[in-house]
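This is target35.csv (CSV, C-alpha atoms).
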```
chain,number,residue,atom,x,y,z
Z,1,MET,CA,9.1,-12.7,23.1
Z,2,GLY,CA,5.8,-12.2,24.9
Z,3,SER,CA,7.5,-11.2,28.1
Z,4,ALA,CA,9.7,-8.7,26.2
Z,5,ASP,CA,6.6,-7.2,24.4
Z,6,VAL,CA,5.0,-6.3,27.8
Z,7,VAL,CA,8.1,-4.2,28.6
Z,8,PRO,CA,8.1,-0.7,27.0
Z,9,GLY,CA,11.4,-0.4,25.2
Z,10,VAL,CA,12.3,-4.0,24.5
Z,11,SER,CA,11.2,-5.6,21.3
Z,12,GLY,CA,10.0,-9.1,20.8
Z,13,GLY,CA,11.8,-8.8,17.4
Z,14,THR,CA,15.0,-8.1,19.2
Z,15,MET,CA,14.6,-11.3,21.3
Z,16,ALA,CA,13.9,-13.3,18.2
Z,17,PHE,CA,17.0,-11.7,16.6
Z,18,ILE,CA,19.2,-12.6,19.7
Z,19,LEU,CA,17.8,-16.2,19.8
Z,20,GLY,CA,18.4,-16.8,16.1
Z,21,ILE,CA,14.8,-17.3,15.0
Z,22,TYR,CA,14.3,-13.9,13.3
Z,23,PRO,CA,14.7,-14.8,9.6
Z,24,ARG,CA,12.3,-17.8,10.1
Z,25,LEU,CA,9.8,-15.5,11.9
Z,26,ILE,CA,9.7,-13.0,9.0
Z,27,ASN,CA,9.4,-15.7,6.4
Z,28,ALA,CA,6.6,-17.4,8.4
Z,29,ILE,CA,4.6,-14.2,8.6
Z,30,LYS,CA,5.0,-13.5,4.9
Z,31,LEU,CA,3.3,-16.8,4.1
Z,32,PHE,CA,0.0,-15.3,5.2
Z,33,ASP,CA,-0.5,-13.8,1.8
Z,34,LEU,CA,-3.1,-13.5,-0.9
Z,35,ASP,CA,-2.6,-17.1,-2.1
Z,36,TRP,CA,-3.3,-18.3,1.4
Z,37,LEU,CA,-6.5,-16.2,1.5
Z,38,LYS,CA,-7.6,-17.7,-1.8
Z,39,ALA,CA,-7.0,-21.2,-0.4
Z,40,ILE,CA,-9.3,-20.3,2.5
Z,41,CYS,CA,-12.0,-19.0,0.1
Z,42,SER,CA,-11.7,-22.2,-2.0
Z,43,PHE,CA,-11.7,-24.4,1.1
Z,44,ASP,CA,-8.3,-25.9,0.1
Z,45,LEU,CA,-7.5,-27.5,3.5
Z,46,LYS,CA,-4.1,-28.8,2.4
Z,47,GLN,CA,-3.0,-25.4,1.2
Z,48,ILE,CA,-4.4,-23.7,4.3
Z,49,ILE,CA,-2.6,-26.0,6.7
Z,50,ASN,CA,0.7,-26.6,4.9
Z,51,LYS,CA,1.5,-23.1,3.4
Z,52,PRO,CA,2.2,-21.2,6.6
Z,53,ASP,CA,4.9,-22.5,9.0
Z,54,PHE,CA,2.5,-23.6,11.7
Z,55,VAL,CA,5.0,-26.0,13.2
Z,56,PHE,CA,7.0,-23.0,14.1
Z,57,LEU,CA,4.3,-20.4,14.7
Z,58,ILE,CA,1.9,-22.4,17.0
Z,59,PRO,CA,4.4,-23.1,19.8
Z,60,LEU,CA,5.8,-19.6,19.4
Z,61,GLY,CA,2.3,-18.1,19.6
Z,62,ILE,CA,1.5,-20.1,22.7
Z,63,GLY,CA,4.7,-18.9,24.4
Z,64,ILE,CA,3.9,-15.2,23.5
Z,65,VAL,CA,0.4,-15.4,24.9
Z,66,ALA,CA,1.7,-17.1,28.0
Z,67,GLY,CA,4.2,-14.3,28.5
Z,68,LEU,CA,1.6,-11.7,28.0
Z,69,PHE,CA,-0.9,-13.2,30.5
Z,70,PHE,CA,1.8,-13.8,33.1
Z,71,PHE,CA,3.0,-10.2,33.1
Z,72,THR,CA,-0.6,-8.8,33.1
Z,73,ARG,CA,-2.2,-11.1,35.7
Z,74,ILE,CA,0.5,-12.8,37.8
Z,75,ILE,CA,3.0,-9.9,37.7
Z,76,PRO,CA,0.8,-6.9,36.6
Z,77,LEU,CA,3.4,-4.6,35.0
Z,78,PRO,CA,0.8,-1.9,34.0
Z,79,VAL,CA,0.1,-1.4,37.7
Z,80,LEU,CA,3.7,-1.7,38.9
Z,81,ILE,CA,4.9,0.9,36.4
Z,82,LYS,CA,2.9,3.5,38.4
Z,83,THR,CA,3.5,2.3,42.0
Z,84,TYR,CA,7.2,1.5,41.6
Z,85,PRO,CA,8.4,3.8,38.7
Z,86,PHE,CA,12.1,4.0,39.7
Z,87,ILE,CA,12.4,0.2,39.9
Z,88,ILE,CA,10.3,-0.7,36.8
Z,89,TYR,CA,11.6,2.1,34.5
Z,90,GLY,CA,15.2,1.4,35.7
Z,91,PHE,CA,14.8,-2.2,34.5
Z,92,PHE,CA,13.3,-1.0,31.2
Z,93,PHE,CA,16.2,1.4,30.7
Z,94,GLY,CA,18.7,-1.4,31.2
Z,95,LEU,CA,16.9,-3.6,28.7
Z,96,ILE,CA,16.9,-0.9,26.1
Z,97,PHE,CA,20.6,-0.1,26.6
Z,98,GLY,CA,21.4,-3.8,26.3
Z,99,SER,CA,19.3,-4.0,23.0
Z,100,ILE,CA,21.3,-1.1,21.6
Z,101,LEU,CA,24.6,-2.7,22.4
Z,102,PHE,CA,23.5,-5.9,20.8
Z,103,LEU,CA,22.4,-4.2,17.6
Z,104,VAL,CA,25.6,-2.1,17.4
Z,105,ARG,CA,27.7,-5.3,18.0
Z,106,GLN,CA,25.9,-7.1,15.2
Z,107,LEU,CA,26.7,-4.3,12.7
Z,108,GLY,CA,30.2,-3.5,13.9
Z,109,PHE,CA,31.7,0.0,14.7
Z,110,SER,CA,33.2,0.5,11.2
Z,111,GLN,CA,29.7,0.1,9.6
Z,112,LEU,CA,28.3,2.4,12.3
Z,113,LEU,CA,30.7,5.1,11.4
Z,114,GLU,CA,30.2,4.7,7.6
Z,115,GLU,CA,26.4,4.9,7.8
Z,116,SER,CA,26.1,7.2,10.8
Z,117,LEU,CA,23.7,9.4,8.9
Z,118,PHE,CA,21.0,6.8,9.1
Z,119,LEU,CA,21.6,6.4,12.9
Z,120,LEU,CA,21.2,10.2,13.3
Z,121,LEU,CA,18.0,10.3,11.1
Z,122,GLY,CA,16.5,7.5,13.2
Z,123,PHE,CA,17.4,9.3,16.4
Z,124,LEU,CA,15.9,12.7,15.2
Z,125,PHE,CA,12.8,11.0,13.9
Z,126,GLY,CA,12.3,9.1,17.2
Z,127,PHE,CA,13.0,12.1,19.4
Z,128,PHE,CA,10.4,14.1,17.4
Z,129,ILE,CA,7.9,11.3,18.1
Z,130,VAL,CA,8.5,10.8,21.8
Z,131,THR,CA,8.5,14.5,22.6
Z,132,ARG,CA,5.3,15.3,20.7
Z,133,VAL,CA,2.9,12.6,21.8
Z,134,PRO,CA,-0.5,14.1,22.7
Z,135,ALA,CA,-1.4,14.2,26.4
Z,136,SER,CA,-4.4,12.0,25.8
Z,137,THR,CA,-5.7,9.7,23.0
Z,138,PRO,CA,-9.2,8.4,22.3
Z,139,ASN,CA,-10.4,4.9,23.4
Z,140,ASP,CA,-12.5,4.5,20.2
Z,141,SER,CA,-12.3,1.3,18.3
Z,142,TRP,CA,-10.7,2.9,15.2
Z,143,PHE,CA,-7.8,4.2,17.3
Z,144,ILE,CA,-7.3,0.9,19.1
Z,145,PHE,CA,-7.1,-0.7,15.6
Z,146,ILE,CA,-4.4,1.8,14.6
Z,147,CYS,CA,-2.5,1.1,17.9
Z,148,GLY,CA,-2.6,-2.6,17.1
Z,149,ALA,CA,-1.3,-2.2,13.5
Z,150,ILE,CA,1.5,0.1,14.6
Z,151,ALA,CA,2.5,-1.9,17.7
Z,152,ILE,CA,2.8,-5.2,15.8
Z,153,SER,CA,4.8,-3.5,13.1
Z,154,ALA,CA,7.2,-2.3,15.9
Z,155,MET,CA,7.2,-5.7,17.6
Z,156,ILE,CA,8.6,-7.6,14.7
Z,157,LEU,CA,11.4,-5.0,14.2
Z,158,PRO,CA,14.6,-5.9,15.9
Z,159,GLY,CA,15.1,-2.9,18.2
Z,160,ILE,CA,11.6,-1.3,18.5
Z,161,SER,CA,9.2,-2.3,21.2
Z,162,GLY,CA,5.5,-2.6,20.5
Z,163,SER,CA,4.9,-1.8,24.2
Z,164,LEU,CA,7.0,1.4,23.8
Z,165,ILE,CA,4.8,2.5,20.9
Z,166,LEU,CA,1.7,1.8,23.1
Z,167,LEU,CA,3.3,3.9,25.8
Z,168,MET,CA,3.9,6.7,23.4
Z,169,MET,CA,0.3,6.5,22.2
Z,170,LYS,CA,-0.9,6.6,25.8
Z,171,LYS,CA,-2.5,3.1,25.5
Z,172,TYR,CA,0.1,0.9,27.3
Z,173,ALA,CA,-1.9,0.4,30.6
Z,174,TYR,CA,-5.2,0.5,28.7
Z,175,ILE,CA,-4.4,-2.3,26.3
Z,176,PHE,CA,-2.6,-4.6,28.8
Z,177,ASN,CA,-5.3,-4.2,31.4
Z,178,ALA,CA,-7.8,-5.3,28.7
Z,179,ILE,CA,-5.6,-8.3,28.0
Z,180,GLY,CA,-5.4,-9.2,31.7
Z,181,HIS,CA,-9.2,-8.9,32.2
Z,182,LEU,CA,-10.3,-10.2,28.7
Z,183,GLN,CA,-12.2,-7.0,27.7
Z,184,PHE,CA,-13.2,-8.1,24.2
Z,185,ASN,CA,-14.6,-4.7,23.2
Z,186,VAL,CA,-11.0,-3.5,23.4
Z,187,LEU,CA,-9.2,-6.7,22.3
Z,188,LEU,CA,-11.2,-7.4,19.1
Z,189,PRO,CA,-10.2,-4.1,17.3
Z,190,PHE,CA,-6.7,-4.4,18.7
Z,191,VAL,CA,-6.2,-7.9,17.4
Z,192,ALA,CA,-7.7,-6.9,14.0
Z,193,GLY,CA,-5.1,-4.2,13.8
Z,194,LEU,CA,-2.4,-6.7,14.8
Z,195,VAL,CA,-3.3,-9.0,12.0
Z,196,VAL,CA,-3.4,-6.3,9.3
Z,197,GLY,CA,-0.3,-4.6,10.5
Z,198,MET,CA,1.7,-7.9,10.8
Z,199,VAL,CA,0.9,-9.1,7.2
Z,200,LEU,CA,1.5,-5.8,5.5
Z,201,PHE,CA,4.6,-4.7,7.5
Z,202,SER,CA,6.4,-8.1,7.2
Z,203,HIS,CA,6.5,-7.7,3.4
Z,204,LEU,CA,7.9,-4.2,3.7
Z,205,LEU,CA,10.4,-5.2,6.3
Z,206,SER,CA,11.6,-8.1,4.3
Z,207,PHE,CA,12.2,-5.9,1.3
Z,208,LEU,CA,14.1,-3.2,3.4
Z,209,LEU,CA,16.3,-5.8,5.2
Z,210,SER,CA,17.1,-7.6,2.0
Z,211,ARG,CA,18.0,-4.4,0.1
Z,212,PHE,CA,19.2,-2.0,2.8
Z,213,TYR,CA,20.0,-4.2,5.8
Z,214,GLU,CA,22.7,-2.0,7.5
Z,215,LYS,CA,20.9,1.2,6.9
Z,216,THR,CA,17.6,-0.1,8.2
Z,217,ILE,CA,19.1,-1.5,11.4
Z,218,LEU,CA,21.0,1.8,12.0
Z,219,PHE,CA,17.8,3.8,11.6
Z,220,ILE,CA,16.1,1.4,14.0
Z,221,THR,CA,18.9,1.8,16.5
Z,222,GLY,CA,18.5,5.6,16.3
Z,223,LEU,CA,14.8,5.2,17.1
Z,224,LEU,CA,15.7,3.0,20.1
Z,225,ILE,CA,18.2,5.5,21.4
Z,226,ALA,CA,15.6,8.2,21.2
Z,227,SER,CA,13.2,6.0,23.1
Z,228,MET,CA,15.5,6.1,26.2
Z,229,TYR,CA,14.1,9.6,26.8
Z,230,VAL,CA,10.7,8.1,27.5
Z,231,VAL,CA,11.8,5.4,29.9
Z,232,TRP,CA,14.5,7.3,31.9
Z,233,PRO,CA,13.5,6.4,35.4
Z,234,PHE,CA,14.0,9.9,36.9
Z,235,GLN,CA,11.1,11.9,35.6
Z,236,TYR,CA,8.5,14.3,37.0
Z,237,ARG,CA,5.2,12.5,36.0
Z,238,GLN,CA,1.8,14.2,36.3
Z,239,TYR,CA,-1.3,12.1,36.2
Z,240,GLU,CA,-4.9,13.2,35.7
Z,241,VAL,CA,-8.1,11.2,36.2
Z,242,VAL,CA,-10.2,11.3,33.0
Z,243,ARG,CA,-13.5,9.3,32.9
Z,244,ASP,CA,-12.5,7.3,36.0
Z,245,GLN,CA,-9.1,6.4,34.4
Z,246,GLU,CA,-5.8,7.8,35.5
Z,247,ARG,CA,-3.8,9.1,32.5
Z,248,LEU,CA,-0.2,10.3,32.3
Z,249,ILE,CA,-0.4,13.8,30.9
Z,250,GLU,CA,3.2,15.0,31.4
Z,251,SER,CA,6.6,13.5,31.9
Z,252,VAL,CA,9.8,15.6,32.2
Z,253,PRO,CA,13.2,13.9,32.8
Z,254,TYR,CA,15.6,15.2,35.4
Z,255,ILE,CA,19.0,14.3,36.9
Z,256,PRO,CA,18.9,13.3,40.6
Z,257,ALA,CA,20.5,15.9,42.8
Z,258,GLU,CA,21.5,13.3,45.5
Z,259,PHE,CA,22.2,9.6,45.9
Z,260,ASN,CA,19.3,7.9,47.8
Z,261,VAL,CA,17.4,4.6,47.9
Z,262,ASP,CA,15.4,5.4,44.7
Z,263,VAL,CA,18.6,6.2,42.7
Z,264,LEU,CA,20.3,3.0,44.0
Z,265,SER,CA,17.3,0.8,43.1
Z,266,ALA,CA,17.0,2.4,39.7
Z,267,LEU,CA,20.7,1.8,39.0
Z,268,LEU,CA,20.5,-1.7,40.2
Z,269,MET,CA,17.6,-2.5,38.0
Z,270,MET,CA,19.4,-0.9,35.0
Z,271,PHE,CA,22.3,-3.3,35.6
Z,272,ILE,CA,20.0,-6.3,35.9
Z,273,GLY,CA,18.2,-5.4,32.7
Z,274,LEU,CA,21.5,-5.0,30.8
Z,275,VAL,CA,22.8,-8.3,32.1
Z,276,LEU,CA,19.6,-10.0,31.2
Z,277,VAL,CA,19.9,-9.0,27.5
Z,278,ILE,CA,23.6,-9.9,27.4
Z,279,GLY,CA,22.8,-13.3,29.0
Z,280,PHE,CA,20.2,-14.0,26.3
Z,281,GLU,CA,22.9,-13.4,23.6
Z,282,ILE,CA,25.4,-15.6,25.4
Z,283,ILE,CA,23.0,-18.5,25.7
Z,284,ALA,CA,22.0,-18.1,22.0
Z,285,ASN,CA,25.6,-18.1,20.9
Z,286,ARG,CA,26.4,-21.2,22.9
Z,287,THR,CA,23.3,-22.9,21.4
Z,288,THR,CA,24.3,-22.0,17.9
Z,289,GLU,CA,27.8,-23.4,18.5
Z,290,HIS,CA,26.4,-26.8,19.6
```

Would you encode the structure as structure tokens?
Amino acid sequence: MGSADVVPGVSGGTMAFILGIYPRLINAIKLFDLDWLKAICSFDLKQIINKPDFVFLIPLGIGIVAGLFFFTRIIPLPVLIKTYPFIIYGFFFGLIFGSILFLVRQLGFSQLLEESLFLLLGFLFGFFIVTRVPASTPNDSWFIFICGAIAISAMILPGISGSLILLMMKKYAYIFNAIGHLQFNVLLPFVAGLVVGMVLFSHLLSFLLSRFYEKTILFITGLLIASMYVVWPFQYRQYEVVRDQERLIESVPYIPAEFNVDVLSALLMMFIGLVLVIGFEIIANRTTEH
């Protein structure tokens, strides 16, 4: 899940969904509620330790953090996304497409046709967002807090990437560079936003999925389809240096006029990304059968 959340377009929630741990993840997050806060205030150690599903959350959290650090320090994706855009974005695009296929397969084509309005609404809403992101966003703590709250809400959704949200808000490279270099002036407000957003959104998501599961997933799928506009590898990207930091100020998709090495590498990485998501699903299915 940590590796997936570094990638703009792939959701850690989707990976949890594929691997069969998603229901337990949502239920575990919900346990950080008002009763748990009261237990902290009253120093009820038994309630503090036993109420949340720490047996599940601690190893999961360690894995997520390990994935985040590996893809920010060992393989620095925020840097590679600028130096090798065709390869990196091609891989992202394949992962997104694989996630869409997975979600559609889970619902079934008959359900897709019956509730297609929610798919369309999700797509229109998502396209409105990705085409109207401001050219630059502030680095103030209040905005970093908002980024954290929105990104974690997206992360726990099966189908929406927290990294994609950061990319839309022009904070992808900024946040992940801060993670890689332990810049606590950036990380503290971001983590605070993560905690607040995770607790509040898990309750909302649990309600929507329990009452309107198919409609919610279709809306999410529409958002994911719209996000493909952002990570299409063939784009004219314009950068500008603002306060000693390079910022993406414009990105316009195009269709390649000729077949060359860049096109071949992008197509190859699309295929690898697609196969990777399908492979996760096959492994999860085999594990469930046994």

Between Z:Ser116, Z:Asn177, Z:Gln238, Z:Thr72, which residue has the minimum interatomic distance to Z:Gly222, considering only C-alpha atoms?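 Distance minimum relative to Z:Gly222 lands on Z:Ser116.
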
Find, counting only C-alpha atoms, the residue in Z:His181, Z:Arg24, Z:Lys171, Z:Arg73 that gets nearest to Z:Phe54. Z:Arg24

Using only C-alpha atoms, pick whichever of Z:Val252, Z:Leu264, Z:Leu120, Z:Met155 has the shortest atom-to-atom distance to Z:Met15. Z:Met155

Between Z:Glu281, Z:Glu115, Z:Asp5, Z:Asp35, which residue has the minimum interatomic distance to Z:Leu68, considering only C-alpha atoms?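 Using only C-alpha atoms, the shortest distance to Z:Leu68 belongs to Z:Asp5.
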
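Of the residues under consideration (Z:Met228, Z:Leu205, Z:Gly273, Z:Val6), Z:Met228 shows the shortest atom-to-atom contact distance to Z:Thr131 when counting all atoms listed in the file.
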
Neighbouring residues of Z:Trp142 were defined as those with any atom within 10 Å, considering only C-alpha atoms; residues of the same chain fewer than 3 positions away were excluded. Please report them as a list of chain:residue names.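 Contacts, in chain order: Z:Pro138, Z:Asn139, Z:Phe145, Z:Ile146, Z:Cys147, Z:Gly148, Z:Pro189, Z:Phe190, Z:Gly193.
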
Centre and edges of the stretch 224-227 of chain Z box, axis-aligned, 4 Å extra per side, as JSON:
```
{"center_x": 15.7, "center_y": 5.6, "center_z": 21.6, "size_x": 13.0, "size_y": 13.2, "size_z": 11.0}
```

Please check which residues have atoms at most 8 Å from (21.7, -7.4, 28.1) in the file's coordinates, counting all atoms listed in the file, and write them as a list in words.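 Collected hits near the coordinates: Gly94, Leu95, Phe97, Gly98, Ser99, Leu101, Phe102, Gly273, Leu274, Val275, Leu276, Val277, Ile278, Gly279, Phe280 and Glu281 of chain Z.
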
Nearest candidate to Z:Met169 (options Z:Tyr229, Z:Phe259, Z:Tyr89, Z:Phe143; using only C-alpha atoms):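 Ranking Z:Tyr229, Z:Phe259, Z:Tyr89, Z:Phe143 by distance to Z:Met169, first place goes to Z:Phe143.
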
Skipping near chain neighbours, those fewer than 6 positions away, what residues fall within 9 Å of Z:His203 using only C-alpha atoms, listed as a PyMOL selection string? chain Z and resi 26+29-30

Anything within 12 Å of (14.1, -13.2, 1.6): list those residues as a count of residues only, counting only C-alpha atoms and sticking to the file's coordinates. 21
